[in-house]
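Notes to accompany the following structure.
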2 protein chains.
Amino acid sequence: MDMCESCQYNMQVIEKIKNQVPDNELTTKLADMFKIFGDNTRIRILWTLFDKEMCVYDIAEKLSMSQSAISHQLKTLRQARLIKSRRDGKNAFYSIDDDHVKKIIEQMVIHVEE
Amino acid sequence: MDMCESCQYNMQVIEKIKNQVPDNELTTKLADMFKIFGDNTRIRILWTLFDKEMCVYDIAEKLSMSQSAISHQLKTLRQARLIKSRRDGKNAFYSIDDDHVKKIIEQMVIHVEE
DNA sequence: CATTCATATGTTCATGTGTTCATATATATT
DNA sequence: AATATATATGAACACATGAACATATGAATG
(Lines give C-alpha, C1' and ligand atoms only; values in the text may rest on other atoms or scores of the structure.)
Protein backbone atom coordinates (compact mmCIF):
# COMPACT_ATOMS: atom_id res chain seq x y z
CA MET A 1 0.00 0.00 0.00
CA ASP A 2 1.27 3.45 -0.89
CA MET A 3 2.04 5.71 2.01
CA CYS A 4 2.28 9.47 2.19
CA GLU A 5 5.29 11.24 3.65
CA SER A 6 3.64 11.57 7.02
CA CYS A 7 2.86 7.87 7.32
CA GLN A 8 6.32 6.88 6.15
CA TYR A 9 7.82 9.03 8.86
CA ASN A 10 5.53 7.40 11.38
CA MET A 11 6.70 3.97 10.26
CA GLN A 12 10.29 5.02 10.83
CA VAL A 13 9.42 6.06 14.36
CA ILE A 14 7.73 2.72 14.98
CA GLU A 15 10.84 0.90 13.81
CA LYS A 16 12.91 3.02 16.11
CA ILE A 17 10.64 2.18 19.02
CA LYS A 18 10.50 -1.54 18.45
CA ASN A 19 12.98 -3.98 19.94
CA GLN A 20 14.56 -1.49 22.25
CA VAL A 21 14.94 -1.47 25.98
CA PRO A 22 12.65 1.30 27.18
CA ASP A 23 14.71 4.47 27.53
CA ASN A 24 13.68 5.85 30.89
CA GLU A 25 14.40 9.43 29.96
CA LEU A 26 12.22 9.26 26.87
CA THR A 27 9.38 7.34 28.52
CA THR A 28 9.35 9.86 31.36
CA LYS A 29 9.05 12.68 28.84
CA LEU A 30 6.24 10.82 27.10
CA ALA A 31 4.37 10.09 30.33
CA ASP A 32 4.71 13.70 31.46
CA MET A 33 3.31 14.93 28.17
CA PHE A 34 0.45 12.43 28.28
CA LYS A 35 -0.32 13.72 31.78
CA ILE A 36 -0.83 17.20 30.39
CA PHE A 37 -3.49 15.81 28.05
CA GLY A 38 -4.97 13.69 30.83
CA ASP A 39 -7.37 16.24 32.21
CA ASN A 40 -10.83 17.00 30.97
CA THR A 41 -10.55 20.76 31.46
CA ARG A 42 -7.29 20.93 29.54
CA ILE A 43 -8.66 18.79 26.72
CA ARG A 44 -11.72 21.02 26.50
CA ILE A 45 -9.52 24.11 26.41
CA LEU A 46 -7.41 22.67 23.59
CA TRP A 47 -10.56 21.62 21.77
CA THR A 48 -11.94 25.14 22.11
CA LEU A 49 -8.74 26.57 20.68
CA PHE A 50 -8.67 24.21 17.70
CA ASP A 51 -10.29 26.58 15.26
CA LYS A 52 -9.40 30.00 16.65
CA GLU A 53 -7.54 31.90 19.34
CA MET A 54 -9.61 33.00 22.32
CA CYS A 55 -9.22 35.20 25.39
CA VAL A 56 -9.36 33.83 28.91
CA TYR A 57 -12.78 35.20 29.74
CA ASP A 58 -14.38 33.73 26.62
CA ILE A 59 -12.83 30.32 27.24
CA ALA A 60 -14.11 30.39 30.82
CA GLU A 61 -17.58 31.34 29.67
CA LYS A 62 -17.68 28.76 26.90
CA LEU A 63 -16.65 26.01 29.30
CA SER A 64 -18.77 27.36 32.18
CA MET A 65 -15.82 27.50 34.51
CA SER A 66 -14.22 30.13 36.69
CA GLN A 67 -11.64 32.50 35.22
CA SER A 68 -9.16 31.36 37.84
CA ALA A 69 -9.48 27.67 37.08
CA ILE A 70 -9.05 28.35 33.36
CA SER A 71 -6.08 30.63 33.93
CA HIS A 72 -4.33 28.01 36.02
CA GLN A 73 -4.81 25.38 33.34
CA LEU A 74 -3.72 27.78 30.61
CA LYS A 75 -0.50 28.23 32.53
CA THR A 76 0.00 24.47 32.63
CA LEU A 77 -0.65 24.19 28.91
CA ARG A 78 1.63 27.11 28.14
CA GLN A 79 4.46 25.70 30.24
CA ALA A 80 4.12 22.47 28.26
CA ARG A 81 4.41 24.59 25.10
CA LEU A 82 1.09 23.31 23.78
CA ILE A 83 -0.40 26.80 23.59
CA LYS A 84 0.96 30.31 23.31
CA SER A 85 -0.41 33.65 24.45
CA ARG A 86 -0.53 37.14 23.04
CA ARG A 87 -1.59 40.32 24.81
CA ASP A 88 -4.00 42.71 23.16
CA GLY A 89 -4.85 45.50 25.56
CA LYS A 90 -6.63 44.07 28.56
CA ASN A 91 -7.05 40.67 26.97
CA ALA A 92 -4.72 37.72 26.67
CA PHE A 93 -5.42 35.63 23.64
CA TYR A 94 -4.41 32.00 23.64
CA SER A 95 -3.91 29.68 20.69
CA ILE A 96 -2.51 26.28 19.87
CA ASP A 97 1.27 26.44 19.64
CA ASP A 98 2.05 23.08 18.12
CA ASP A 99 0.87 21.29 15.00
CA HIS A 100 1.06 17.97 16.81
CA VAL A 101 -1.62 18.81 19.33
CA LYS A 102 -4.40 18.16 16.85
CA LYS A 103 -2.80 14.96 15.63
CA ILE A 104 -2.29 13.66 19.14
CA ILE A 105 -5.89 14.28 20.18
CA GLU A 106 -7.16 13.09 16.82
CA GLN A 107 -5.33 9.80 17.23
CA MET A 108 -6.94 9.35 20.63
CA VAL A 109 -10.37 10.20 19.22
CA ILE A 110 -9.90 7.44 16.67
CA HIS A 111 -9.01 5.09 19.49
CA VAL A 112 -11.86 5.84 21.88
CA GLU A 113 -14.50 5.99 19.18
CA GLU A 114 -14.26 2.32 18.28
CA MET B 1 -0.13 16.43 -1.59
CA ASP B 2 -1.28 12.87 -1.99
CA MET B 3 -2.49 11.20 1.15
CA CYS B 4 -2.82 7.55 2.02
CA GLU B 5 -6.02 6.05 3.37
CA SER B 6 -4.86 6.41 6.93
CA CYS B 7 -4.09 10.10 6.61
CA GLN B 8 -7.32 10.79 4.77
CA TYR B 9 -9.23 9.21 7.61
CA ASN B 10 -7.30 11.34 10.05
CA MET B 11 -8.24 14.45 8.13
CA GLN B 12 -11.90 13.50 8.38
CA VAL B 13 -11.56 13.19 12.13
CA ILE B 14 -9.92 16.61 12.29
CA GLU B 15 -12.79 18.11 10.35
CA LYS B 16 -15.24 16.47 12.72
CA ILE B 17 -13.41 17.89 15.69
CA LYS B 18 -13.13 21.44 14.40
CA ASN B 19 -15.74 24.09 15.00
CA GLN B 20 -17.68 22.11 17.53
CA VAL B 21 -18.56 22.85 21.09
CA PRO B 22 -16.49 20.40 23.12
CA ASP B 23 -18.61 17.35 23.83
CA ASN B 24 -18.06 16.73 27.51
CA GLU B 25 -18.68 13.01 27.27
CA LEU B 26 -16.09 12.59 24.54
CA THR B 27 -13.49 14.87 26.13
CA THR B 28 -13.87 12.98 29.40
CA LYS B 29 -13.25 9.71 27.59
CA LEU B 30 -10.22 11.23 25.90
CA ALA B 31 -8.78 12.64 29.13
CA ASP B 32 -9.33 9.34 30.94
CA MET B 33 -7.51 7.48 28.20
CA PHE B 34 -4.65 10.00 28.17
CA LYS B 35 -4.39 9.49 31.93
CA ILE B 36 -3.74 5.79 31.39
CA PHE B 37 -0.77 6.70 29.19
CA GLY B 38 0.32 9.38 31.65
CA ASP B 39 2.47 7.19 33.87
CA ASN B 40 6.06 6.21 33.29
CA THR B 41 5.65 2.65 34.51
CA ARG B 42 2.67 2.03 32.23
CA ILE B 43 4.45 3.56 29.25
CA ARG B 44 7.46 1.36 29.91
CA ILE B 45 5.24 -1.71 30.15
CA LEU B 46 3.56 -0.89 26.83
CA TRP B 47 6.95 -0.21 25.30
CA THR B 48 8.21 -3.57 26.52
CA LEU B 49 5.20 -5.29 25.00
CA PHE B 50 5.60 -3.61 21.61
CA ASP B 51 7.50 -6.40 19.97
CA LYS B 52 6.36 -9.46 21.89
CA GLU B 53 4.11 -10.79 24.62
CA MET B 54 5.70 -11.25 28.03
CA CYS B 55 4.85 -12.75 31.40
CA VAL B 56 4.55 -10.68 34.55
CA TYR B 57 7.77 -11.83 36.12
CA ASP B 58 9.82 -11.00 33.02
CA ILE B 59 8.28 -7.56 32.72
CA ALA B 60 9.02 -6.88 36.38
CA GLU B 61 12.60 -8.01 35.96
CA LYS B 62 13.15 -6.05 32.76
CA LEU B 63 11.84 -2.89 34.37
CA SER B 64 13.51 -3.57 37.75
CA MET B 65 10.25 -3.25 39.62
CA SER B 66 8.30 -5.40 42.05
CA GLN B 67 5.92 -8.02 40.74
CA SER B 68 3.13 -6.38 42.68
CA ALA B 69 3.64 -2.95 41.21
CA ILE B 70 3.72 -4.39 37.69
CA SER B 71 0.66 -6.53 38.29
CA HIS B 72 -1.32 -3.54 39.53
CA GLN B 73 -0.43 -1.54 36.45
CA LEU B 74 -1.16 -4.47 34.17
CA LYS B 75 -4.62 -4.55 35.67
CA THR B 76 -5.07 -0.85 34.93
CA LEU B 77 -3.91 -1.33 31.35
CA ARG B 78 -6.12 -4.38 30.90
CA GLN B 79 -9.19 -2.58 32.23
CA ALA B 80 -8.50 0.17 29.72
CA ARG B 81 -8.38 -2.55 27.05
CA LEU B 82 -4.89 -1.55 25.97
CA ILE B 83 -3.46 -4.98 26.71
CA LYS B 84 -4.84 -8.49 26.94
CA SER B 85 -3.72 -11.50 28.94
CA ARG B 86 -3.45 -15.18 28.27
CA ARG B 87 -2.76 -17.91 30.77
CA ASP B 88 -0.22 -20.60 30.02
CA GLY B 89 0.22 -22.82 33.01
CA LYS B 90 1.57 -20.82 35.88
CA ASN B 91 2.33 -17.83 33.71
CA ALA B 92 0.15 -14.98 32.50
CA PHE B 93 1.31 -13.57 29.21
CA TYR B 94 0.40 -10.03 28.35
CA SER B 95 0.35 -8.38 24.95
CA ILE B 96 -0.84 -5.20 23.29
CA ASP B 97 -4.57 -5.46 22.58
CA ASP B 98 -5.05 -2.50 20.30
CA ASP B 99 -3.39 -1.41 17.07
CA HIS B 100 -3.78 2.22 18.09
CA VAL B 101 -1.52 1.94 21.11
CA LYS B 102 1.60 2.11 18.97
CA LYS B 103 0.25 4.97 16.89
CA ILE B 104 -0.72 6.96 19.95
CA ILE B 105 2.68 6.60 21.58
CA GLU B 106 4.42 7.09 18.27
CA GLN B 107 2.61 10.39 17.74
CA MET B 108 3.75 11.53 21.16
CA VAL B 109 7.32 10.46 20.44
CA ILE B 110 7.24 12.64 17.35
CA HIS B 111 6.01 15.51 19.48
CA VAL B 112 8.50 15.29 22.35
CA GLU B 113 11.48 14.61 20.11
CA GLU B 114 11.44 18.04 18.46
C1' DC C 1 -3.00 -32.93 49.48
C1' DA C 2 0.94 -30.25 50.71
C1' DT C 3 4.24 -27.41 48.63
C1' DT C 4 6.12 -24.30 45.38
C1' DC C 5 5.99 -20.91 41.95
C1' DA C 6 3.53 -17.15 39.48
C1' DT C 7 0.25 -13.81 39.75
C1' DA C 8 -3.47 -11.02 41.84
C1' DT C 9 -5.43 -8.10 45.29
C1' DG C 10 -6.46 -5.34 49.61
C1' DT C 11 -4.67 -1.82 52.56
C1' DT C 12 -1.88 1.83 53.82
C1' DC C 13 0.84 5.82 53.15
C1' DA C 14 3.09 9.52 50.91
C1' DT C 15 2.73 12.43 47.13
C1' DG C 16 0.54 14.79 43.31
C1' DT C 17 -3.25 17.46 41.31
C1' DG C 18 -7.35 20.52 40.31
C1' DT C 19 -10.38 23.76 42.04
C1' DT C 20 -11.74 27.57 45.06
C1' DC C 21 -10.97 31.72 47.41
C1' DA C 22 -8.54 35.78 48.16
C1' DT C 23 -5.53 38.86 46.31
C1' DA C 24 -2.10 40.84 43.17
C1' DT C 25 -0.83 42.66 38.71
C1' DA C 26 -1.64 44.82 34.26
C1' DT C 27 -4.03 47.65 31.04
C1' DA C 28 -7.45 50.96 29.72
C1' DT C 29 -10.74 54.72 30.78
C1' DT C 30 -12.54 58.64 33.09
C1' DA D 1 -4.74 59.56 40.01
C1' DA D 2 -8.77 56.80 40.73
C1' DT D 3 -11.49 53.26 38.99
C1' DA D 4 -12.93 49.37 36.22
C1' DT D 5 -11.86 45.37 33.67
C1' DA D 6 -9.02 41.33 32.47
C1' DT D 7 -5.78 38.17 33.84
C1' DA D 8 -2.41 35.97 36.96
C1' DT D 9 -0.97 33.98 41.20
C1' DG D 10 -0.51 32.10 46.01
C1' DA D 11 -2.49 29.28 49.62
C1' DA D 12 -5.52 25.88 51.18
C1' DC D 13 -8.37 22.09 50.71
C1' DA D 14 -10.34 17.81 48.93
C1' DC D 15 -9.40 14.17 46.19
C1' DA D 16 -6.78 10.99 43.21
C1' DT D 17 -2.94 8.01 42.52
C1' DG D 18 1.23 4.94 42.64
C1' DA D 19 4.17 2.04 45.25
C1' DA D 20 5.13 -0.90 49.27
C1' DC D 21 3.76 -4.49 52.09
C1' DA D 22 1.20 -8.34 53.41
C1' DT D 23 -1.64 -11.73 51.95
C1' DA D 24 -4.66 -14.40 48.90
C1' DT D 25 -5.48 -17.06 44.79
C1' DG D 26 -4.37 -20.25 41.06
C1' DA D 27 -1.76 -23.78 38.79
C1' DA D 28 1.70 -27.34 38.54
C1' DT D 29 4.37 -30.99 40.81
C1' DG D 30 5.95 -34.16 44.11
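Please note that chains go A, B, ... in the order of the C-alpha coordinates, that every chain numbers its residues from 1, and that ligands are numbered from 1 in the order shown.
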* Find the residues near A:Cys55: any atom within 12 Å, counting only C-alpha atoms (C1' of nucleotides), skip ones fewer than 5 places away on the same chain, and give them as a list in words. =>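 Answer for this query is Ile45, Thr48, Leu49, Ala60, Glu61, Lys62, Gln67, Ile70, Ser71, Leu74, Lys84, Ser85, Arg86, Arg87, Asp88, Gly89, Lys90, Asn91, Ala92, Phe93, Tyr94 and Ser95 of chain A; DA6 and DT7 of chain D.
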* Could you please write out, as a VMD selection string, every residue of stretch 1-110 of chain B that DSSP assigns to strand (DSSP E)? => chain B and resid 54 to 55 83 to 88 91 to 96
Could you list the residues in chain D lying within 12 Å of chain B, using only C-alpha atoms (C1' of nucleotides), and format the result as a JSON list (two decimals) with N, CA and C atoms (P, O5', C5', C4', C3', O3' and C1' of nucleotides), in the first residue's frame?
[["chain", "number", "residue", "atom", "x", "y", "z"],
["D", 16, "DA", "P", -11.78, 11.29, 44.09],
["D", 16, "DA", "O5'", -10.36, 11.15, 43.39],
["D", 16, "DA", "C5'", -9.95, 12.14, 42.45],
["D", 16, "DA", "C4'", -8.56, 11.82, 41.92],
["D", 16, "DA", "C3'", -8.35, 10.36, 41.54],
["D", 16, "DA", "O3'", -7.58, 10.34, 40.35],
["D", 16, "DA", "C1'", -6.78, 10.99, 43.21],
["D", 17, "DT", "P", -7.23, 8.95, 39.64],
["D", 17, "DT", "O5'", -5.77, 8.64, 40.15],
["D", 17, "DT", "C5'", -4.78, 9.67, 40.07],
["D", 17, "DT", "C4'", -3.45, 9.12, 40.54],
["D", 17, "DT", "C3'", -3.26, 7.62, 40.25],
["D", 17, "DT", "O3'", -1.91, 7.43, 39.89],
["D", 17, "DT", "C1'", -2.94, 8.01, 42.52],
["D", 18, "DG", "P", -1.49, 6.34, 38.81],
["D", 18, "DG", "O5'", -0.10, 5.84, 39.38],
["D", 18, "DG", "C5'", 0.86, 6.81, 39.77],
["D", 18, "DG", "C4'", 1.82, 6.19, 40.75],
["D", 18, "DG", "C3'", 2.15, 4.73, 40.47],
["D", 18, "DG", "O3'", 3.54, 4.53, 40.69],
["D", 18, "DG", "C1'", 1.23, 4.94, 42.64],
["D", 19, "DA", "P", 4.21, 3.14, 40.33],
["D", 19, "DA", "O5'", 4.79, 2.70, 41.74],
["D", 19, "DA", "C5'", 5.56, 3.64, 42.48],
["D", 19, "DA", "C4'", 5.73, 3.15, 43.90],
["D", 19, "DA", "C3'", 6.17, 1.68, 44.00],
["D", 19, "DA", "O3'", 7.28, 1.59, 44.89],
["D", 19, "DA", "C1'", 4.17, 2.04, 45.25],
["D", 20, "DA", "P", 7.91, 0.17, 45.21],
["D", 20, "DA", "O5'", 7.44, -0.10, 46.71],
["D", 20, "DA", "C5'", 7.51, 0.95, 47.67],
["D", 20, "DA", "C4'", 7.05, 0.45, 49.03],
["D", 20, "DA", "C3'", 7.52, -0.97, 49.36],
["D", 20, "DA", "O3'", 7.83, -1.06, 50.74],
["D", 20, "DA", "C1'", 5.13, -0.90, 49.27],
["D", 21, "DC", "P", 8.59, -2.35, 51.29],
["D", 21, "DC", "O5'", 7.44, -3.16, 52.03],
["D", 21, "DC", "C5'", 6.58, -2.48, 52.95],
["D", 21, "DC", "C4'", 5.38, -3.36, 53.27],
["D", 21, "DC", "C3'", 5.71, -4.84, 53.42],
["D", 21, "DC", "O3'", 5.41, -5.25, 54.75],
["D", 21, "DC", "C1'", 3.76, -4.49, 52.09],
["D", 22, "DA", "P", 5.72, -6.75, 55.22],
["D", 22, "DA", "O5'", 4.25, -7.39, 55.20],
["D", 22, "DA", "C5'", 3.16, -6.65, 55.77],
["D", 22, "DA", "C4'", 1.86, -7.34, 55.42],
["D", 22, "DA", "C3'", 1.89, -8.86, 55.63],
["D", 22, "DA", "O3'", 0.72, -9.26, 56.33],
["D", 22, "DA", "C1'", 1.20, -8.34, 53.41],
["D", 23, "DT", "P", 0.51, -10.80, 56.73],
["D", 23, "DT", "O5'", -0.49, -11.31, 55.61],
["D", 23, "DT", "C5'", -1.63, -10.51, 55.29],
["D", 23, "DT", "C4'", -2.28, -11.02, 54.03],
["D", 23, "DT", "C3'", -2.50, -12.54, 53.97],
["D", 23, "DT", "O3'", -3.87, -12.78, 53.74],
["D", 23, "DT", "C1'", -1.64, -11.73, 51.95],
["D", 25, "DT", "P", -8.55, -16.22, 48.95],
["D", 25, "DT", "O5'", -8.18, -16.65, 47.46],
["D", 25, "DT", "C5'", -8.35, -15.70, 46.41],
["D", 25, "DT", "C4'", -7.49, -16.12, 45.22],
["D", 25, "DT", "C3'", -7.79, -17.53, 44.69],
["D", 25, "DT", "O3'", -8.26, -17.41, 43.36],
["D", 25, "DT", "C1'", -5.48, -17.06, 44.79],
["D", 26, "DG", "P", -9.04, -18.61, 42.66],
["D", 26, "DG", "O5'", -7.98, -19.11, 41.59],
["D", 26, "DG", "C5'", -7.17, -18.18, 40.89],
["D", 26, "DG", "C4'", -6.06, -18.91, 40.17],
["D", 26, "DG", "C3'", -6.38, -20.37, 39.84],
["D", 26, "DG", "O3'", -5.93, -20.63, 38.52],
["D", 26, "DG", "C1'", -4.37, -20.25, 41.06],
["D", 27, "DA", "P", -6.37, -21.99, 37.80],
["D", 27, "DA", "O5'", -4.95, -22.63, 37.49],
["D", 27, "DA", "C5'", -3.93, -21.83, 36.90],
["D", 27, "DA", "C4'", -2.60, -22.54, 37.00],
["D", 27, "DA", "C3'", -2.65, -24.02, 36.64],
["D", 27, "DA", "O3'", -1.50, -24.35, 35.88],
["D", 27, "DA", "C1'", -1.76, -23.78, 38.79],
["D", 28, "DA", "P", -1.53, -25.67, 35.00],
["D", 28, "DA", "O5'", -0.31, -26.49, 35.62],
["D", 28, "DA", "C5'", 1.02, -26.10, 35.29],
["D", 28, "DA", "C4'", 1.96, -26.55, 36.38],
["D", 28, "DA", "C3'", 2.30, -28.04, 36.35],
["D", 28, "DA", "O3'", 3.71, -28.17, 36.28],
["D", 28, "DA", "C1'", 1.70, -27.34, 38.54],
["D", 29, "DT", "P", 4.32, -29.58, 35.77],
["D", 29, "DT", "O5'", 5.30, -29.99, 36.95],
["D", 29, "DT", "C5'", 5.48, -29.12, 38.07],
["D", 29, "DT", "C4'", 5.80, -29.92, 39.32],
["D", 29, "DT", "C3'", 5.92, -31.44, 39.11],
["D", 29, "DT", "O3'", 7.02, -31.90, 39.87],
["D", 29, "DT", "C1'", 4.37, -30.99, 40.81]]
* Taking only C-alpha atoms (C1' of nucleotides) into account, which residues of chain C are within 8 Å of chain A, as JSON, numbers by chain? -> {"C": [19, 26, 27, 28]}
* Between A:Met54, A:Asp98, A:Gln79, A:Met3, which is the closest to chain B once you count only C-alpha atoms? ->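 Under the stated criterion, the closest residue is A:Met3.
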* Two-atom distance - atom CA of A:Lys75, atom CA of B:Lys103 (Å) ->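 That distance, rounded to one decimal, is 28.0 Å.
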* Polymer residues at most 9 Å from B:Leu77, only C-alpha atoms (C1' of nucleotides), same-chain spacing of 5 or more positions, as a PyMOL selection string -> chain B and resi 36-37+42+46+72+82-84
* For C:DG16, which residue out of A:Arg44, A:Lys35, A:Lys102, A:Lys29 is the nearest one, using only C-alpha atoms (C1' of nucleotides)? -> A:Lys35
